[in-house]
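data-v2.txt (compact mmCIF, C-alpha atoms) appears below.
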# COMPACT_ATOMS: atom_id res chain seq x y z
CA MET A 71 30.03 68.49 -37.86
CA SER A 72 31.10 64.96 -36.89
CA ALA A 73 27.93 64.51 -34.82
CA ILE A 74 25.69 65.47 -37.73
CA ALA A 75 27.67 63.16 -40.02
CA ARG A 76 27.24 60.25 -37.61
CA VAL A 77 23.48 60.77 -37.33
CA MET A 78 23.09 60.96 -41.13
CA LEU A 79 25.09 57.72 -41.46
CA GLU A 80 22.84 55.99 -38.94
CA MET A 81 19.79 57.27 -40.83
CA GLY A 82 21.06 55.47 -43.92
CA TYR A 83 22.60 58.29 -45.96
CA THR A 84 25.92 58.08 -47.77
CA VAL A 85 28.31 60.48 -46.06
CA THR A 86 31.66 61.84 -47.18
CA GLY A 87 33.68 64.57 -45.55
CA SER A 88 36.99 66.36 -45.42
CA ASP A 89 39.15 67.76 -42.64
CA VAL A 90 42.59 69.31 -42.37
CA ALA A 91 43.89 66.39 -40.29
CA SER A 92 42.90 62.93 -39.16
CA GLN A 93 41.64 62.68 -35.59
CA GLU A 94 39.78 60.25 -33.36
CA LEU A 95 36.32 61.44 -34.45
CA THR A 96 37.11 61.18 -38.17
CA GLU A 97 38.51 57.70 -37.61
CA LYS A 98 35.30 56.66 -35.84
CA LEU A 99 33.24 58.03 -38.73
CA ALA A 100 35.35 56.09 -41.22
CA ALA A 101 34.82 52.94 -39.17
CA LYS A 102 31.06 53.46 -39.45
CA GLY A 103 31.25 53.75 -43.24
CA ALA A 104 31.95 57.42 -44.01
CA LYS A 105 34.50 58.28 -46.69
CA ILE A 106 36.93 60.73 -45.08
CA TYR A 107 39.35 62.90 -47.05
CA ILE A 108 42.29 64.73 -45.49
CA GLY A 109 42.70 68.14 -47.10
CA HIS A 110 40.30 70.13 -49.26
CA THR A 111 39.96 69.77 -53.04
CA ALA A 112 37.14 70.40 -55.50
CA GLU A 113 36.86 66.70 -56.40
CA HIS A 114 35.66 65.83 -52.89
CA VAL A 115 32.17 67.29 -53.48
CA GLN A 116 31.55 65.74 -56.88
CA GLY A 117 28.48 63.50 -56.84
CA ALA A 118 27.10 64.96 -53.61
CA ASP A 119 23.41 65.86 -53.29
CA LEU A 120 24.08 68.28 -50.46
CA VAL A 121 27.17 69.95 -48.99
CA VAL A 122 27.22 70.94 -45.31
CA TYR A 123 29.91 73.34 -44.05
CA SER A 124 30.94 74.87 -40.74
CA THR A 125 31.58 78.46 -39.72
CA ALA A 126 35.32 77.71 -39.88
CA LEU A 127 35.10 77.34 -43.67
CA PRO A 128 35.32 80.68 -45.57
CA LYS A 129 33.33 81.37 -48.73
CA ASP A 130 36.44 80.98 -50.88
CA ASN A 131 37.06 77.44 -49.62
CA VAL A 132 37.69 75.30 -52.70
CA GLU A 133 34.96 72.79 -51.83
CA ARG A 134 32.31 75.44 -51.17
CA MET A 135 33.20 77.13 -54.45
CA ALA A 136 33.07 73.80 -56.31
CA ALA A 137 29.62 73.04 -54.87
CA GLU A 138 28.38 76.42 -56.07
CA GLN A 139 29.78 75.86 -59.58
CA LEU A 140 28.18 72.40 -59.74
CA ASN A 141 24.83 73.78 -58.45
CA ILE A 142 24.94 71.50 -55.41
CA PRO A 143 22.82 72.92 -52.56
CA THR A 144 24.87 73.99 -49.52
CA LEU A 145 23.78 74.33 -45.89
CA HIS A 146 25.54 75.74 -42.85
CA ARG A 147 25.97 73.21 -40.06
CA SER A 148 23.24 74.92 -38.03
CA GLN A 149 20.78 74.74 -40.94
CA MET A 150 21.37 71.00 -41.24
CA LEU A 151 20.95 70.56 -37.50
CA ALA A 152 17.77 72.68 -37.63
CA ARG A 153 16.26 70.26 -40.16
CA LEU A 154 16.73 67.44 -37.67
CA LEU A 155 15.81 69.34 -34.50
CA ASN A 156 12.76 71.21 -35.82
CA GLU A 157 11.10 68.09 -37.24
CA ARG A 158 10.72 66.44 -33.81
CA LYS A 159 10.63 67.52 -30.17
CA GLY A 160 13.83 69.50 -30.11
CA VAL A 161 15.64 70.07 -26.82
CA ALA A 162 18.12 72.86 -27.57
CA VAL A 163 20.70 73.83 -24.94
CA ALA A 164 22.14 77.35 -25.18
CA GLY A 165 24.36 79.42 -22.90
CA ALA A 166 27.85 80.82 -22.50
CA HIS A 167 28.93 77.61 -20.75
CA GLY A 168 27.47 74.29 -19.71
CA LYS A 169 25.99 73.46 -23.13
CA THR A 170 27.99 70.30 -23.80
CA THR A 171 27.69 68.87 -20.29
CA THR A 172 23.98 69.64 -19.98
CA SER A 173 23.06 68.27 -23.40
CA SER A 174 25.21 65.19 -22.69
CA MET A 175 23.44 64.65 -19.36
CA ILE A 176 20.02 64.97 -20.98
CA ALA A 177 20.93 62.56 -23.78
CA LEU A 178 22.33 59.97 -21.37
CA VAL A 179 19.38 60.16 -18.97
CA MET A 180 16.86 59.85 -21.80
CA GLU A 181 18.85 56.95 -23.22
CA LYS A 182 19.04 55.13 -19.87
CA CYS A 183 15.31 55.69 -19.29
CA GLY A 184 14.37 54.17 -22.64
CA ALA A 185 13.34 57.33 -24.49
CA ASP A 186 15.78 56.52 -27.35
CA PRO A 187 16.61 60.12 -28.27
CA THR A 188 18.52 61.42 -31.25
CA TYR A 189 21.40 63.53 -29.96
CA ILE A 190 23.97 65.76 -31.60
CA ILE A 191 26.56 67.11 -29.14
CA GLY A 192 29.83 69.00 -29.38
CA GLY A 193 31.73 66.61 -27.12
CA GLU A 194 31.75 62.87 -26.59
CA ILE A 195 29.68 61.44 -23.73
CA MET A 196 32.23 59.47 -21.73
CA ASN A 197 29.78 56.69 -20.81
CA VAL A 198 28.95 55.83 -24.44
CA GLY A 199 32.07 56.96 -26.32
CA THR A 200 30.26 59.00 -28.95
CA ASN A 201 28.80 62.47 -29.50
CA ALA A 202 25.80 61.49 -31.62
CA LYS A 203 23.13 58.91 -32.27
CA ALA A 204 20.06 58.60 -34.48
CA GLY A 205 17.31 57.39 -32.15
CA GLU A 206 13.73 56.34 -32.79
CA GLY A 207 12.22 58.44 -30.00
CA ASP A 208 10.44 61.79 -30.24
CA CYS A 209 13.26 63.93 -28.80
CA VAL A 210 16.29 65.45 -30.52
CA VAL A 211 18.86 66.83 -28.06
CA ALA A 212 21.44 69.32 -29.32
CA GLU A 213 23.60 72.26 -28.37
CA ALA A 214 22.41 75.64 -29.63
CA ASP A 215 25.41 77.79 -30.48
CA GLU A 216 25.14 81.51 -29.77
CA SER A 217 28.70 82.28 -30.83
CA ASP A 218 27.81 82.95 -34.49
CA GLY A 219 24.05 83.44 -34.04
CA SER A 220 23.30 80.03 -35.54
CA PHE A 221 20.99 79.10 -32.64
CA LEU A 222 18.40 81.36 -34.27
CA GLN A 223 17.83 78.60 -36.83
CA TYR A 224 16.04 76.49 -34.20
CA HIS A 225 12.41 76.26 -33.11
CA PRO A 226 12.75 73.96 -30.11
CA TRP A 227 10.15 72.30 -27.93
CA VAL A 228 12.36 72.88 -24.88
CA GLY A 229 14.86 75.74 -25.02
CA ILE A 230 17.42 75.82 -22.22
CA VAL A 231 19.64 78.80 -21.38
CA THR A 232 22.24 77.97 -18.75
CA ASN A 233 23.71 81.49 -18.49
CA ILE A 234 24.44 84.57 -20.58
CA GLU A 235 27.85 86.22 -20.64
CA ALA A 236 29.76 88.70 -22.79
CA ASP A 237 31.56 86.25 -25.07
CA HIS A 238 31.89 86.06 -28.88
CA LEU A 239 31.19 89.79 -29.03
CA GLU A 240 33.25 90.02 -32.21
CA ASN A 241 30.20 88.50 -33.92
CA TYR A 242 27.87 91.06 -32.35
CA ASP A 243 29.78 94.25 -33.23
CA GLY A 244 31.20 94.30 -29.69
CA ASP A 245 27.70 94.99 -28.31
CA PHE A 246 26.60 92.81 -25.39
CA ASN A 247 23.03 94.09 -25.75
CA ARG A 248 22.87 92.61 -29.24
CA LEU A 249 23.92 89.24 -27.85
CA LYS A 250 21.24 89.42 -25.13
CA SER A 251 18.65 90.32 -27.77
CA ALA A 252 19.66 87.22 -29.72
CA TYR A 253 18.89 85.09 -26.67
CA VAL A 254 15.46 86.72 -26.41
CA GLN A 255 14.82 85.86 -30.05
CA PHE A 256 16.01 82.27 -29.54
CA LEU A 257 13.58 81.77 -26.66
CA SER A 258 10.76 83.52 -28.55
CA GLN A 259 11.07 80.80 -31.19
CA ILE A 260 10.10 78.03 -28.74
CA ARG A 261 6.99 76.24 -29.95
CA PRO A 262 3.67 77.35 -28.41
CA GLU A 263 3.32 74.08 -26.47
CA GLY A 264 6.95 74.18 -25.33
CA THR A 265 8.84 75.80 -22.47
CA ALA A 266 11.93 77.87 -21.77
CA VAL A 267 14.14 76.44 -19.02
CA VAL A 268 16.45 79.11 -17.61
CA CYS A 269 18.77 79.67 -14.66
CA ALA A 270 17.26 82.20 -12.24
CA ASP A 271 20.64 82.90 -10.61
CA ASP A 272 22.07 84.49 -13.75
CA GLU A 273 21.74 88.30 -13.70
CA ASN A 274 21.61 88.61 -17.48
CA ILE A 275 18.85 86.03 -17.69
CA GLN A 276 16.96 87.99 -15.03
CA GLU A 277 17.30 91.04 -17.28
CA ILE A 278 15.67 89.34 -20.29
CA LEU A 279 12.89 87.47 -18.41
CA PRO A 280 10.35 90.34 -18.72
CA LYS A 281 10.83 90.22 -22.51
CA LEU A 282 9.77 86.56 -22.80
CA SER A 283 6.21 85.65 -23.73
CA CYS A 284 6.63 81.86 -23.75
CA LYS A 285 6.11 79.51 -20.81
CA VAL A 286 9.17 79.80 -18.54
CA THR A 287 10.45 77.34 -15.93
CA THR A 288 13.28 78.58 -13.72
CA TYR A 289 15.90 76.76 -11.66
CA GLY A 290 18.39 78.09 -9.15
CA ILE A 291 20.23 77.99 -5.87
CA ASP A 292 20.60 81.57 -4.68
CA ARG A 293 17.41 83.18 -6.02
CA PRO A 294 13.77 82.04 -5.78
CA ALA A 295 12.99 79.61 -8.61
CA ASP A 296 10.46 76.97 -9.67
CA TYR A 297 13.09 74.29 -9.06
CA ALA A 298 15.55 74.92 -6.23
CA ALA A 299 18.59 73.02 -4.96
CA THR A 300 19.18 72.74 -1.21
CA ASP A 301 21.44 70.64 1.06
CA ILE A 302 24.22 70.85 -1.54
CA GLN A 303 27.25 68.65 -0.87
CA LEU A 304 30.33 69.19 -3.08
CA GLY A 305 33.04 66.55 -2.79
CA ASP A 306 35.99 64.99 -4.57
CA ARG A 307 34.65 64.26 -8.07
CA GLN A 308 31.10 63.95 -6.81
CA SER A 309 28.21 66.08 -5.56
CA SER A 310 24.65 65.79 -4.29
CA PHE A 311 21.66 67.97 -3.43
CA THR A 312 17.95 67.92 -2.68
CA LEU A 313 15.80 69.12 -5.58
CA ASN A 314 12.65 71.02 -4.67
CA LYS A 315 9.78 71.98 -6.95
CA ASP A 316 7.62 74.91 -5.83
CA GLY A 317 9.07 74.49 -2.34
CA VAL A 318 8.27 70.76 -2.10
CA PRO A 319 11.21 68.28 -1.99
CA LEU A 320 11.22 65.87 -4.92
CA GLY A 321 14.21 63.87 -3.68
CA VAL A 322 17.99 63.69 -3.70
CA ILE A 323 20.09 63.97 -6.87
CA ARG A 324 23.52 62.34 -6.65
CA LEU A 325 26.17 63.05 -9.28
CA ALA A 326 29.45 61.38 -10.21
CA VAL A 327 30.79 64.76 -11.40
CA PRO A 328 31.99 67.62 -9.18
CA GLY A 329 31.24 71.28 -8.73
CA LYS A 330 28.40 73.73 -8.19
CA HIS A 331 28.23 74.28 -11.95
CA ASN A 332 27.23 70.64 -12.38
CA VAL A 333 24.46 71.08 -9.83
CA TYR A 334 23.06 73.72 -12.19
CA ASN A 335 23.60 71.51 -15.24
CA SER A 336 21.81 68.60 -13.60
CA MET A 337 18.85 70.76 -12.56
CA ALA A 338 18.30 71.80 -16.18
CA THR A 339 18.62 68.14 -17.15
CA VAL A 340 15.95 67.00 -14.68
CA ILE A 341 13.51 69.66 -15.87
CA ALA A 342 14.00 68.78 -19.54
CA CYS A 343 13.51 65.08 -18.81
CA VAL A 344 10.40 65.74 -16.71
CA GLU A 345 9.02 67.76 -19.62
CA ALA A 346 9.69 64.70 -21.79
CA GLY A 347 7.46 62.61 -19.52
CA LEU A 348 10.09 60.80 -17.46
CA GLU A 349 9.57 60.19 -13.74
CA PHE A 350 11.82 61.87 -11.17
CA GLU A 351 12.87 58.57 -9.61
CA GLN A 352 14.12 57.08 -12.89
CA ILE A 353 15.85 60.37 -13.78
CA ALA A 354 17.65 60.43 -10.41
CA GLU A 355 18.81 56.84 -10.90
CA ALA A 356 20.03 57.42 -14.46
CA ILE A 357 21.83 60.72 -13.85
CA LEU A 358 24.16 59.10 -11.31
CA GLU A 359 25.61 57.07 -14.20
CA PHE A 360 26.78 60.22 -16.00
CA SER A 361 30.58 60.29 -15.75
CA GLY A 362 31.14 63.42 -17.81
CA ALA A 363 31.73 64.64 -21.34
CA LYS A 364 35.12 64.49 -23.02
CA ARG A 365 37.31 67.49 -22.10
CA ARG A 366 34.89 68.42 -19.29
CA PHE A 367 36.81 67.76 -16.05
CA GLN A 368 38.18 64.64 -17.71
CA VAL A 369 40.63 62.60 -15.66
CA LEU A 370 43.61 61.89 -17.93
CA GLY A 371 45.73 60.08 -15.37
CA GLU A 372 46.06 59.35 -11.67
CA ALA A 373 49.00 57.67 -9.94
CA ASP A 374 51.34 58.12 -6.99
CA GLY A 375 48.98 60.65 -5.40
CA ILE A 376 49.10 62.89 -8.49
CA LEU A 377 46.05 63.69 -10.62
CA VAL A 378 45.95 65.11 -14.18
CA ILE A 379 42.63 66.61 -15.32
CA ASP A 380 41.74 68.37 -18.57
CA ASP A 381 38.87 70.78 -19.13
CA TYR A 382 37.55 72.82 -22.05
CA ALA A 383 37.21 75.91 -19.82
CA HIS A 384 38.04 78.92 -21.99
CA HIS A 385 35.99 81.68 -20.34
CA PRO A 386 36.71 83.35 -16.96
CA THR A 387 33.57 81.99 -15.30
CA GLU A 388 34.34 78.47 -16.52
CA ILE A 389 37.92 78.73 -15.26
CA GLU A 390 36.75 79.78 -11.78
CA ALA A 391 34.19 76.94 -11.66
CA THR A 392 36.70 74.33 -12.83
CA ILE A 393 39.39 75.38 -10.37
CA SER A 394 36.79 75.42 -7.58
CA ALA A 395 35.75 71.85 -8.46
CA ALA A 396 39.42 70.83 -8.47
CA LYS A 397 39.94 72.31 -4.99
CA ALA A 398 37.36 69.86 -3.63
CA THR A 399 39.95 67.09 -4.16
CA GLY A 400 42.09 68.62 -1.44
CA LYS A 401 45.14 68.62 -3.70
CA ARG A 402 47.56 71.41 -4.65
CA ILE A 403 46.30 72.90 -7.92
CA ILE A 404 48.67 73.67 -10.81
CA ALA A 405 46.44 75.43 -13.33
CA VAL A 406 47.69 75.55 -16.93
CA PHE A 407 45.63 77.82 -19.18
CA GLN A 408 45.92 78.31 -22.92
CA PRO A 409 43.95 81.42 -23.99
CA GLN A 410 41.97 80.96 -27.19
CA ARG A 411 41.38 83.75 -29.73
CA TYR A 412 42.83 87.24 -29.64
CA THR A 413 39.32 88.69 -29.72
CA ARG A 414 38.13 86.79 -26.63
CA THR A 415 41.35 87.65 -24.76
CA PHE A 416 40.91 91.31 -25.73
CA PHE A 417 37.28 91.59 -24.62
CA LEU A 418 37.72 89.58 -21.39
CA LEU A 419 41.28 90.47 -20.38
CA ASP A 420 40.34 91.93 -16.99
CA ALA A 421 37.92 89.09 -16.18
CA PHE A 422 40.57 86.50 -17.10
CA SER A 423 43.06 88.24 -14.81
CA ARG A 424 40.74 87.72 -11.81
CA ALA A 425 39.83 84.07 -12.45
CA PHE A 426 42.80 82.21 -10.94
CA SER A 427 42.74 83.11 -7.24
CA GLU A 428 42.00 79.56 -6.00
CA ALA A 429 44.90 77.92 -7.86
CA ASP A 430 48.18 77.32 -6.05
CA GLU A 431 50.25 77.82 -9.18
CA VAL A 432 49.30 79.22 -12.58
CA ILE A 433 50.93 78.77 -15.97
CA ILE A 434 49.78 80.70 -19.04
CA THR A 435 50.79 79.61 -22.55
CA ASP A 436 50.72 81.49 -25.82
CA ILE A 437 47.30 82.35 -27.27
CA TYR A 438 45.83 79.59 -29.44
CA SER A 439 44.39 81.32 -32.48
CA PRO A 440 42.32 79.62 -35.18
CA ALA A 441 43.50 79.94 -38.78
CA GLY A 442 42.59 83.27 -40.29
CA GLU A 443 42.21 85.24 -37.05
CA GLN A 444 44.16 88.50 -37.03
CA GLU A 445 46.42 89.34 -34.11
CA ILE A 446 45.42 92.36 -32.02
CA LYS A 447 48.20 94.74 -31.09
CA GLY A 448 48.97 94.65 -27.37
CA VAL A 449 46.99 91.44 -26.75
CA HIS A 450 49.52 88.87 -25.58
CA SER A 451 49.77 86.16 -22.93
CA SER A 452 52.61 88.00 -21.20
CA LYS A 453 50.26 90.93 -20.63
CA LEU A 454 47.65 88.57 -19.19
CA VAL A 455 50.27 87.15 -16.80
CA GLU A 456 51.11 90.65 -15.58
CA LEU A 457 47.44 91.29 -14.81
CA ILE A 458 46.90 87.90 -13.12
CA VAL A 459 49.88 88.58 -10.83
CA LYS A 460 48.37 91.98 -10.01
CA ASN A 461 44.71 90.95 -9.65
CA SER A 462 44.42 87.35 -8.45
CA ASN A 463 47.52 85.16 -8.20
CA GLY A 464 51.12 86.19 -7.66
CA ASN A 465 52.41 82.67 -8.39
CA THR A 466 51.85 82.92 -12.14
CA ALA A 467 54.33 82.29 -14.98
CA TYR A 468 54.29 82.74 -18.74
CA ILE A 469 55.52 79.59 -20.49
CA PRO A 470 54.85 79.91 -24.24
CA THR A 471 54.80 76.32 -25.54
CA LYS A 472 53.20 73.04 -24.54
CA GLU A 473 56.60 71.37 -24.71
CA ALA A 474 58.09 73.79 -22.19
CA VAL A 475 55.06 73.37 -19.93
CA ILE A 476 55.48 69.58 -19.96
CA GLU A 477 59.20 69.88 -19.18
CA ARG A 478 58.68 72.32 -16.30
CA ILE A 479 55.82 70.44 -14.62
CA SER A 480 57.11 66.89 -15.05
CA GLU A 481 60.30 67.78 -13.18
CA ARG A 482 58.40 69.22 -10.20
CA LEU A 483 55.34 66.99 -9.73
CA GLN A 484 54.90 65.69 -6.19
CA PRO A 485 52.30 63.46 -4.49
CA GLY A 486 49.30 65.60 -3.64
CA ASP A 487 49.51 67.67 -6.84
CA LEU A 488 46.69 68.13 -9.35
CA VAL A 489 47.58 69.40 -12.83
CA LEU A 490 44.62 71.10 -14.48
CA THR A 491 44.95 71.91 -18.19
CA MET A 492 42.29 74.33 -19.49
CA GLY A 493 41.44 75.89 -22.83
CA ALA A 494 39.53 75.40 -26.08
CA GLY A 495 42.69 74.85 -28.14
CA ASP A 496 45.15 71.95 -28.03
CA ILE A 497 46.43 72.31 -24.46
CA TRP A 498 44.90 68.90 -23.73
CA LYS A 499 47.91 67.43 -25.52
CA ALA A 500 50.14 68.71 -22.72
CA GLY A 501 47.85 67.10 -20.14
CA ALA A 502 47.87 63.81 -22.05
CA ALA A 503 51.69 63.88 -22.28
CA LEU A 504 52.00 64.56 -18.55
CA ALA A 505 49.62 61.69 -17.80
CA ARG A 506 51.76 59.36 -19.93
CA LYS A 507 54.93 60.49 -18.16
CA LEU A 508 53.26 59.95 -14.82
CA LYS A 509 52.24 56.42 -15.82
CA GLU A 510 55.76 55.65 -17.08
CA ARG A 511 57.33 57.04 -13.91
CA THR A 512 55.04 54.93 -11.75
CA SER A 513 55.81 51.82 -13.82
CA ASP A 514 59.57 52.46 -13.51
CA ASP A 515 59.24 52.79 -9.74
CA LYS A 516 57.71 49.33 -9.60

What is this structure when it is put down as structure tokens?
Amino acid sequence: MSAIARVMLEMGYTVTGSDVASQELTEKLAAKGAKIYIGHTAEHVQGADLVVYSTALPKDNVERMAAEQLNIPTLHRSQMLARLLNERKGVAVAGAHGKTTTSSMIALVMEKCGADPTYIIGGEIMNVGTNAKAGEGDCVVAEADESDGSFLQYHPWVGIVTNIEADHLENYDGDFNRLKSAYVQFLSQIRPEGTAVVCADDENIQEILPKLSCKVTTYGIDRPADYAATDIQLGDRQSSFTLNKDGVPLGVIRLAVPGKHNVYNSMATVIACVEAGLEFEQIAEAILEFSGAKRRFQVLGEADGILVIDDYAHHPTEIEATISAAKATGKRIIAVFQPQRYTRTFFLLDAFSRAFSEADEVIITDIYSPAGEQEIKGVHSSKLVELIVKNSNGNTAYIPTKEAVIERISERLQPGDLVLTMGAGDIWKAGAALARKLKERTSDDK
């Protein structure tokens, strides 16, 4: 929502908006000229020509109801984004994970190479300090959200699918096949002159490939693909590999972000940028400047041999990839995970329980549940801890609150430790607090 608002501001529109609390993104919008209200009341929509709302807003929200009574047209966030993306060369990034990082990489590379894209992304690009921009170029780069089916609003020029996993099944009647069918439909909506860019190593993508009639370009490491990565080197907050097209080496890609998952993300980025007419050499030079997206392996603090990193990982596969990237630092990993949503925890309980084997110590907090979600009987963090101890990591504890997590860890931190906070809720606040304590402790020592 904030990204769309920023782009509309930069295009010259008057933008107002409301949220339940002030935050960094709303403050940045206000600084650019948006009128921001805290709280929801009917008066906020008066005088508007169009009201845009998110999935989080129910039909009985007072502002949505007021817009209807005043005959003000309303659009879901995805419909507004579709207006922007479908008018130009849309590059839409879909997948269970990797959307924010991949779309951020693409936007940054295009920006550095002079393509001047418009981009609308769910997380801030660390290099530029924003999640959106209205550019003058042909391309519009955006995430395509499968969680509520809203990605079916888009007719992209390049449609990327990083992976397909059984998540958000509460919106697909608990049926994974329905979710996979939605991906097929998304890719079938690619423009005739466009291309689907998909990861060949993903089994569920392999399953849907025969159902696709559009042009398809594949990338991968473990399976044959049009673009393949070899000579992969994964290090402490960095990685590199040789990129090959149809078996012929194009050159080396060096990244300032860690992990095998970022090798995949960067491969999709290179392909999208090549499709946009950029040369491999300039892409390789620009991509090295990418330092990450906010809450994607974000370093919150580092001192006295201790490192605090925060990541949005909220799915078992993401957790495994993030912990694996952390292990490349050579430090002892204290993984703090805040489950998000009762429904996700219910559907993926067993997979979550097997995701923490590479951590040295695991802490699980209470489930972070968005407003309005109903609890599910028997779904509780203490149950998840029991299963983690049984299936992947015996050194696991249930600590309900962020405050208790901060107290426990701050007392025990030693040089050589890495604290990794993970989750889609507000667990980052615990990481930020620990980073502040670490900085204070280091200052006191001096």

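Restricting the calculation to all atoms listed in the file, the smallest distance between Ser427 in chain A and any of A:Thr413, A:Asn463, A:Ala494, A:Pro440 is found for A:Asn463.
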
Per residue of range 163-259 of chain A within 12 Å of range 268-284 of chain A, which atom pair is closest and at what distance in Å (one decimal), using all atoms listed in the file, listed by chain and increasing number, as JSON lines?
{"residue": "A:Val163", "atom": "CA", "partner": "A:Val268", "partner_atom": "CA", "distance": 10.0}
{"residue": "A:Ala164", "atom": "CA", "partner": "A:Val268", "partner_atom": "CA", "distance": 9.6}
{"residue": "A:Gly165", "atom": "CA", "partner": "A:Val268", "partner_atom": "CA", "distance": 9.5}
{"residue": "A:Ala166", "atom": "CA", "partner": "A:Asp272", "partner_atom": "CA", "distance": 11.1}
{"residue": "A:His167", "atom": "CA", "partner": "A:Asp272", "partner_atom": "CA", "distance": 12.0}
{"residue": "A:Gly168", "atom": "CA", "partner": "A:Cys269", "partner_atom": "CA", "distance": 11.4}
{"residue": "A:Pro226", "atom": "CA", "partner": "A:Cys284", "partner_atom": "CA", "distance": 11.8}
{"residue": "A:Trp227", "atom": "CA", "partner": "A:Cys284", "partner_atom": "CA", "distance": 11.0}
{"residue": "A:Val228", "atom": "CA", "partner": "A:Val268", "partner_atom": "CA", "distance": 10.4}
{"residue": "A:Gly229", "atom": "CA", "partner": "A:Val268", "partner_atom": "CA", "distance": 8.3}
{"residue": "A:Ile230", "atom": "CA", "partner": "A:Val268", "partner_atom": "CA", "distance": 5.7}
{"residue": "A:Val231", "atom": "CA", "partner": "A:Val268", "partner_atom": "CA", "distance": 4.9}
{"residue": "A:Thr232", "atom": "CA", "partner": "A:Cys269", "partner_atom": "CA", "distance": 5.6}
{"residue": "A:Asn233", "atom": "CA", "partner": "A:Asp272", "partner_atom": "CA", "distance": 5.8}
{"residue": "A:Ile234", "atom": "CA", "partner": "A:Asn274", "partner_atom": "CA", "distance": 5.8}
{"residue": "A:Glu235", "atom": "CA", "partner": "A:Asn274", "partner_atom": "CA", "distance": 7.4}
{"residue": "A:Ala236", "atom": "CA", "partner": "A:Asn274", "partner_atom": "CA", "distance": 9.7}
{"residue": "A:Phe246", "atom": "CA", "partner": "A:Asn274", "partner_atom": "CA", "distance": 10.3}
{"residue": "A:Asn247", "atom": "CA", "partner": "A:Asn274", "partner_atom": "CA", "distance": 10.0}
{"residue": "A:Arg248", "atom": "CA", "partner": "A:Ile278", "partner_atom": "CA", "distance": 11.9}
{"residue": "A:Leu249", "atom": "CA", "partner": "A:Asn274", "partner_atom": "CA", "distance": 10.6}
{"residue": "A:Lys250", "atom": "CA", "partner": "A:Ile278", "partner_atom": "CA", "distance": 7.4}
{"residue": "A:Ser251", "atom": "CA", "partner": "A:Ile278", "partner_atom": "CA", "distance": 8.1}
{"residue": "A:Ala252", "atom": "CA", "partner": "A:Ile278", "partner_atom": "CA", "distance": 10.5}
{"residue": "A:Tyr253", "atom": "CA", "partner": "A:Ile278", "partner_atom": "CA", "distance": 8.3}
{"residue": "A:Val254", "atom": "CA", "partner": "A:Ile278", "partner_atom": "CA", "distance": 6.7}
{"residue": "A:Gln255", "atom": "CA", "partner": "A:Leu282", "partner_atom": "CA", "distance": 8.9}
{"residue": "A:Phe256", "atom": "CA", "partner": "A:Leu282", "partner_atom": "CA", "distance": 10.1}
{"residue": "A:Leu257", "atom": "CA", "partner": "A:Leu282", "partner_atom": "CA", "distance": 7.2}
{"residue": "A:Ser258", "atom": "CA", "partner": "A:Cys284", "partner_atom": "CA", "distance": 6.5}
{"residue": "A:Gln259", "atom": "CA", "partner": "A:Cys284", "partner_atom": "CA", "distance": 8.7}

C-alpha atoms of the current selection, written as a compact mmCIF listing (two decimals), in the coordinates of the input:
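Below is the file part25.txt, written as the result:
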# COMPACT_ATOMS: atom_id res chain seq x y z
CA VAL A 163 20.70 73.83 -24.94
CA ALA A 164 22.14 77.35 -25.18
CA GLY A 165 24.36 79.42 -22.90
CA ALA A 166 27.85 80.82 -22.50
CA HIS A 167 28.93 77.61 -20.75
CA GLY A 168 27.47 74.29 -19.71
CA PRO A 226 12.75 73.96 -30.11
CA TRP A 227 10.15 72.30 -27.93
CA VAL A 228 12.36 72.88 -24.88
CA GLY A 229 14.86 75.74 -25.02
CA ILE A 230 17.42 75.82 -22.22
CA VAL A 231 19.64 78.80 -21.38
CA THR A 232 22.24 77.97 -18.75
CA ASN A 233 23.71 81.49 -18.49
CA ILE A 234 24.44 84.57 -20.58
CA GLU A 235 27.85 86.22 -20.64
CA ALA A 236 29.76 88.70 -22.79
CA PHE A 246 26.60 92.81 -25.39
CA ASN A 247 23.03 94.09 -25.75
CA ARG A 248 22.87 92.61 -29.24
CA LEU A 249 23.92 89.24 -27.85
CA LYS A 250 21.24 89.42 -25.13
CA SER A 251 18.65 90.32 -27.77
CA ALA A 252 19.66 87.22 -29.72
CA TYR A 253 18.89 85.09 -26.67
CA VAL A 254 15.46 86.72 -26.41
CA GLN A 255 14.82 85.86 -30.05
CA PHE A 256 16.01 82.27 -29.54
CA LEU A 257 13.58 81.77 -26.66
CA SER A 258 10.76 83.52 -28.55
CA GLN A 259 11.07 80.80 -31.19

Counting all atoms listed in the file, what is within 10 Å of Phe367 in chain A, bar same-chain residues fewer than 5 positions away, as a compact mmCIF listing (two decimals) with C-alpha atoms, in the frame of the given file?
# COMPACT_ATOMS: atom_id res chain seq x y z
CA ARG A 307 34.65 64.26 -8.07
CA VAL A 327 30.79 64.76 -11.40
CA PRO A 328 31.99 67.62 -9.18
CA GLY A 329 31.24 71.28 -8.73
CA SER A 361 30.58 60.29 -15.75
CA GLY A 362 31.14 63.42 -17.81
CA VAL A 378 45.95 65.11 -14.18
CA ILE A 379 42.63 66.61 -15.32
CA ASP A 380 41.74 68.37 -18.57
CA ASP A 381 38.87 70.78 -19.13
CA TYR A 382 37.55 72.82 -22.05
CA ALA A 383 37.21 75.91 -19.82
CA THR A 392 36.70 74.33 -12.83
CA ILE A 393 39.39 75.38 -10.37
CA ALA A 395 35.75 71.85 -8.46
CA ALA A 396 39.42 70.83 -8.47
CA LEU A 490 44.62 71.10 -14.48
CA THR A 491 44.95 71.91 -18.19
CA MET A 492 42.29 74.33 -19.49
